[in-house]
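Asker: I am sharing model_9.cif, which consists of mmCIF, C-alpha atoms:
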data_upload
#
loop_
_atom_site.label_atom_id
_atom_site.label_comp_id
_atom_site.auth_asym_id
_atom_site.auth_seq_id
_atom_site.Cartn_x
_atom_site.Cartn_y
_atom_site.Cartn_z
CA MET A 227 136.24 69.89 117.86
CA SER A 228 136.04 68.39 121.36
CA ASP A 229 134.22 65.21 122.25
CA ARG A 230 131.58 67.24 124.12
CA ASP A 231 130.90 69.50 121.10
CA GLU A 232 130.58 66.48 118.84
CA ARG A 233 127.94 64.92 121.11
CA TYR A 234 126.03 68.23 121.16
CA TYR A 235 125.94 68.53 117.36
CA THR A 236 124.99 64.86 116.96
CA ALA A 237 122.08 65.39 119.35
CA GLN A 238 121.01 68.50 117.42
CA LEU A 239 121.18 66.63 114.12
CA ASN A 240 119.08 63.76 115.53
CA MET A 241 116.47 66.26 116.77
CA GLN A 242 116.25 67.88 113.36
CA THR A 243 115.76 64.59 111.52
CA CYS A 244 113.00 63.42 113.86
CA SER A 245 109.57 63.60 112.19
CA ARG A 246 106.59 65.22 113.84
CA ARG A 247 104.89 61.83 114.07
CA GLY A 248 107.94 60.37 115.81
CA LEU A 249 108.06 63.30 118.21
CA PHE A 250 104.40 62.93 119.22
CA ARG A 251 104.70 59.14 119.43
CA GLY A 252 107.64 59.55 121.79
CA LEU A 253 105.81 62.11 123.91
CA TRP A 254 102.58 60.10 124.16
CA SER A 255 104.30 56.80 124.90
CA GLY A 256 106.05 58.38 127.87
CA VAL A 257 102.88 60.06 129.18
CA SER A 258 100.31 57.29 128.78
CA LYS A 259 102.14 54.55 130.69
CA PRO A 260 102.22 56.22 134.13
CA VAL A 261 98.60 57.39 133.77
CA LYS A 262 97.37 53.86 133.10
CA THR A 263 99.35 52.50 136.02
CA GLN A 264 98.03 55.13 138.44
CA ALA A 265 94.43 54.58 137.33
CA GLY A 266 94.73 50.84 137.90
CA LEU A 267 96.13 51.32 141.40
CA ALA A 268 93.65 53.97 142.46
CA ALA A 269 90.58 51.92 141.50
CA LYS A 270 91.12 49.15 144.06
CA ARG A 271 89.57 49.70 147.47
CA THR A 272 91.71 49.05 150.50
CA VAL A 273 89.01 49.72 153.11
CA PRO A 274 85.25 49.03 153.15
CA ARG A 275 83.24 51.98 151.82
CA PRO A 276 79.47 52.62 151.87
CA PRO A 277 77.91 50.35 149.22
CA THR A 278 76.72 53.28 147.09
CA ALA A 279 80.20 54.89 146.92
CA VAL A 280 81.57 55.69 143.47
CA ASP A 281 84.85 54.17 142.29
CA GLU A 282 87.79 54.88 144.57
CA SER A 283 89.60 57.35 142.31
CA LEU A 284 86.42 59.38 141.80
CA LEU A 285 85.53 59.21 145.50
CA ASN A 286 88.92 60.70 146.39
CA ARG A 287 88.18 63.65 144.10
CA LEU A 288 84.52 64.21 145.01
CA CYS A 289 84.38 63.63 148.77
CA ASP A 290 85.04 66.82 150.71
CA GLY A 291 85.03 65.11 154.12
CA CYS A 292 81.90 66.90 155.40
CA GLY A 293 80.79 63.87 157.48
CA LYS A 294 77.07 64.14 156.67
CA CYS A 295 77.07 60.43 155.78
CA VAL A 296 78.29 59.64 159.31
CA ASP A 297 75.33 61.47 160.86
CA ALA A 298 72.82 59.91 158.43
CA CYS A 299 73.86 56.27 158.96
CA PRO A 300 71.19 54.50 161.13
CA PRO A 301 73.47 51.63 162.33
CA ARG A 302 76.31 54.16 162.97
CA ILE A 303 78.97 52.15 161.15
CA ILE A 304 80.40 54.95 158.99
CA SER A 305 83.38 56.90 160.27
CA MET A 306 85.62 59.44 158.59
CA ILE A 307 89.24 58.32 158.22
CA GLU A 308 91.60 60.69 156.43
CA GLY A 309 88.56 62.70 155.35
CA LYS A 310 86.82 59.80 153.55
CA PRO A 311 83.91 57.55 154.64
CA VAL A 312 84.91 54.11 155.90
CA LEU A 313 82.62 51.33 157.12
CA THR A 314 83.47 49.86 160.50
CA LEU A 315 82.10 46.34 160.12
CA ASP A 316 83.67 44.92 163.28
CA GLY A 317 80.64 45.40 165.51
CA GLY A 318 77.82 46.04 163.09
CA ALA A 319 76.49 45.60 159.59
CA CYS A 320 75.40 47.81 156.73
CA THR A 321 71.65 47.66 156.17
CA GLU A 322 72.09 49.08 152.65
CA CYS A 323 69.41 51.69 153.40
CA ALA A 324 71.14 54.37 151.25
CA GLU A 325 70.66 57.10 153.87
CA CYS A 326 74.35 57.99 153.43
CA GLN A 327 73.75 58.41 149.70
CA ARG A 328 70.83 60.77 150.29
CA ALA A 329 72.87 62.84 152.75
CA CYS A 330 75.95 63.23 150.53
CA PRO A 331 76.03 66.71 148.95
CA THR A 332 78.97 65.97 146.60
CA LEU A 333 77.58 62.79 144.96
CA ALA A 334 80.60 60.80 146.15
CA LEU A 335 78.11 58.20 147.41
CA ALA A 336 75.83 58.33 144.38
CA ASN A 337 76.86 55.21 142.48
CA SER A 338 73.61 54.07 140.96
CA SER A 339 75.01 51.60 138.45
CA LEU A 340 72.21 49.21 137.54
CA ASP A 341 74.53 46.57 136.09
CA LYS A 342 76.54 46.09 139.29
CA LEU A 343 75.58 44.92 142.76
CA PRO A 344 76.25 47.57 145.41
CA SER A 345 79.48 46.65 147.14
CA THR A 346 81.44 47.77 150.16
CA GLY A 347 84.61 46.41 148.57
CA ALA A 348 84.67 43.57 151.09
CA VAL A 349 83.40 40.00 150.95
CA ALA A 350 82.26 37.41 153.51
CA THR A 351 84.42 34.32 154.04
CA LEU A 352 84.11 31.30 156.27
CA SER A 353 86.77 31.79 158.94
CA GLY A 354 85.89 29.45 161.72
CA MET A 355 84.00 26.35 162.64
CA CYS A 356 80.43 26.64 161.40
CA ILE A 357 78.02 24.89 163.76
CA ARG A 358 76.38 23.28 160.72
CA GLN A 359 79.59 21.26 160.42
CA MET A 360 78.80 19.81 163.84
CA GLY A 361 75.29 18.84 162.76
CA ALA A 362 73.30 21.81 164.10
CA PRO A 363 70.42 22.93 161.86
CA CYS A 364 71.53 26.60 161.75
CA GLN A 365 70.69 28.80 158.78
CA SER A 366 71.09 32.22 160.42
CA CYS A 367 73.65 33.51 157.93
CA SER A 368 71.73 32.50 154.80
CA GLU A 369 68.49 33.96 156.19
CA ALA A 370 70.23 37.25 157.07
CA CYS A 371 71.90 37.69 153.65
CA PRO A 372 69.94 40.26 151.59
CA HIS A 373 71.48 39.03 148.30
CA GLN A 374 71.05 35.25 148.74
CA ALA A 375 74.83 34.87 148.50
CA ILE A 376 74.97 32.08 151.10
CA ASP A 377 73.79 28.55 150.45
CA THR A 378 73.53 25.96 153.18
CA VAL A 379 74.98 22.83 151.62
CA ASN A 380 74.75 19.57 153.59
CA ARG A 381 76.67 20.25 156.81
CA SER A 382 78.44 23.42 155.67
CA ILE A 383 77.86 26.74 153.95
CA ALA A 384 78.96 28.08 150.58
CA ILE A 385 79.45 31.82 150.04
CA ASN A 386 79.06 33.12 146.48
CA SER A 387 81.50 36.05 146.35
CA GLU A 388 79.90 37.36 143.12
CA LYS A 389 76.59 37.95 144.92
CA CYS A 390 78.14 39.12 148.21
CA SER A 391 78.06 42.89 148.82
CA GLY A 392 80.21 42.73 151.96
CA CYS A 393 77.46 44.21 154.15
CA ALA A 394 78.34 41.91 157.12
CA GLN A 395 74.72 41.07 157.96
CA CYS A 396 75.62 37.37 157.83
CA ARG A 397 78.55 37.88 160.21
CA VAL A 398 76.36 39.65 162.74
CA ALA A 399 73.70 36.89 162.50
CA CYS A 400 76.17 34.00 162.90
CA PRO A 401 75.95 32.56 166.45
CA ALA A 402 79.35 30.82 166.11
CA TYR A 403 81.26 33.84 164.76
CA ALA A 404 82.33 31.64 161.84
CA ILE A 405 82.15 34.40 159.20
CA GLN A 406 84.75 37.07 158.63
CA ILE A 407 84.57 40.12 156.35
CA VAL A 408 87.75 40.66 154.30
CA MET A 409 88.68 42.98 151.47
CA ARG A 410 88.31 41.55 147.96
#
If you took the structure in this file and wrote it as structure tokens, what would it be?
Answerer:
Amino acid sequence: MSDRDERYYTAQLNMQTCSRRGLFRGLWSGVSKPVKTQAGLAAKRTVPRPPTAVDESLLNRLCDGCGKCVDACPPRIISMIEGKPVLTLDGGACTECAECQRACPTLALANSSLDKLPSTGAVATLSGMCIRQMGAPCQSCSEACPHQAIDTVNRSIAINSEKCSGCAQCRVACPAYAIQIVMR
């Protein structure tokens, strides 16, 4: 018997002695690991989406790229990139009016979770010199924030990222351009 034949028969013998439970355990352990990894990666947003958008993995399956949300958006900040809605927060802000949600025929923008704050996937951060730090009595950002996520503390501001929806209304209202919108 050659070395190759011996390996073949040993493999056959091992397959025959494997229990059904062991076979299924081996199959499921190999299948479940990549699925969990892919689900974890797909859930994180890499670009700002309309605040009523469903989770990223579900959005990729539901959105057909029709562009009705683009036409329905009053501030005109939604654009279609690679067939999916993306918020362009460079020159404007989301008013969180939900017109995009009403226009969406596929329910890709129908996240109506009551336990979570609507979120674009972005958050406001202090990126420059706030004029409050120079003693000016400015409160434009905190007054513009629809979620009361910005507190004016002494001569600075504090942004609560848990309350921030990433709408960019504070950034548009800031006269010193001291607020930047970044992905979470």
Asker: Got a sec: who's within 10 Å of Gln365 (chain A), counting only C-alpha atoms, leaving out chain neighbours fewer than 5 positions off, as a ChimeraX atom specification?
Answerer: /A:357-358,370,376-378,382-383,396,399-400
Asker: May I ask which of the residues A:Val398, A:Ala334, A:Ile407, A:Ala350 is the closest one to Arg287 (chain A), counting all atoms listed in the file?
Answerer: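 Nearest to Arg287 (chain A): A:Ala334.
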Asker: Return as a list in words the set of residues that the PyMOL selection byres ((chain A and resi 275) around 10) yields on the displayed structure.
Answerer: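 Given this file, the PyMOL selection byres ((chain A and resi 275) around 10) evaluates to Arg271, Thr272, Val273, Pro274, Pro276, Pro277, Thr278, Ala279, Val280, Asp281, Glu282, Leu285, Ile304, Ser305, Lys310, Pro311, Val312, Leu313, Thr314, Leu335, Ser345, Thr346, Gly347, Ala348, Gly392 and Cys393 of chain A.
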Asker: For CA of Cys289 (chain A) and CA of Arg397 (chain A), determine how far apart the two atoms are, in Å to one decimal place.
Answerer: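 Computing the Euclidean distance for CA of Cys289 (chain A) and CA of Arg397 (chain A) yields 28.8 Å.
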Asker: Could you please give me, as a ChimeraX atom specification, the residues of protein, DNA or RNA lying at most 12 Å from (73.7, 64.1, 148.8) in the coordinate frame of the file, considering all atoms listed in the file?
Answerer: /A:278-279,288-290,292-295,298,324-337
Asker: Have a look at CA of Cys367 (chain A) and CA of Tyr403 (chain A) and let me know their distance in Å, one decimal.
Answerer: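 CA of Tyr403 (chain A) lies 10.2 Å from CA of Cys367 (chain A).
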Asker: List the neighbours of Val349 (chain A) out to 10 Å using all atoms listed in the file; skip same-chain residues closer than 6 positions along the sequence, and give me the result as a list in words.
Answerer: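 Listing them by chain and then by number gives Pro274, Ile385, Asn386, Ser387, Glu388, Lys389, Cys390, Ser391, Gly392, Cys393, Ala394, Gln406, Ile407, Val408, Met409 and Arg410 of chain A.
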Asker: Report, in Å to a single decimal, how far apart CA of Ser368 (chain A) and CA of Cys356 (chain A) are.
Answerer: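 That distance, rounded to one decimal, is 12.4 Å.
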Asker: Return the single residue from A:Asn286, A:Glu322, A:Cys364, A:Ala384 that is closest to Gly309 (chain A), with distances computed using all atoms listed in the file.
Answerer: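 Of all the options, A:Asn286 lies closest to Gly309 (chain A).
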Asker: Of the candidates A:Leu343, A:Ile303, A:Leu352, A:Ala402, which shows the shortest atom-to-atom distance to Gly317 (chain A), using only C-alpha atoms?
Answerer: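 Smallest distance to Gly317 (chain A) is found for A:Ile303.
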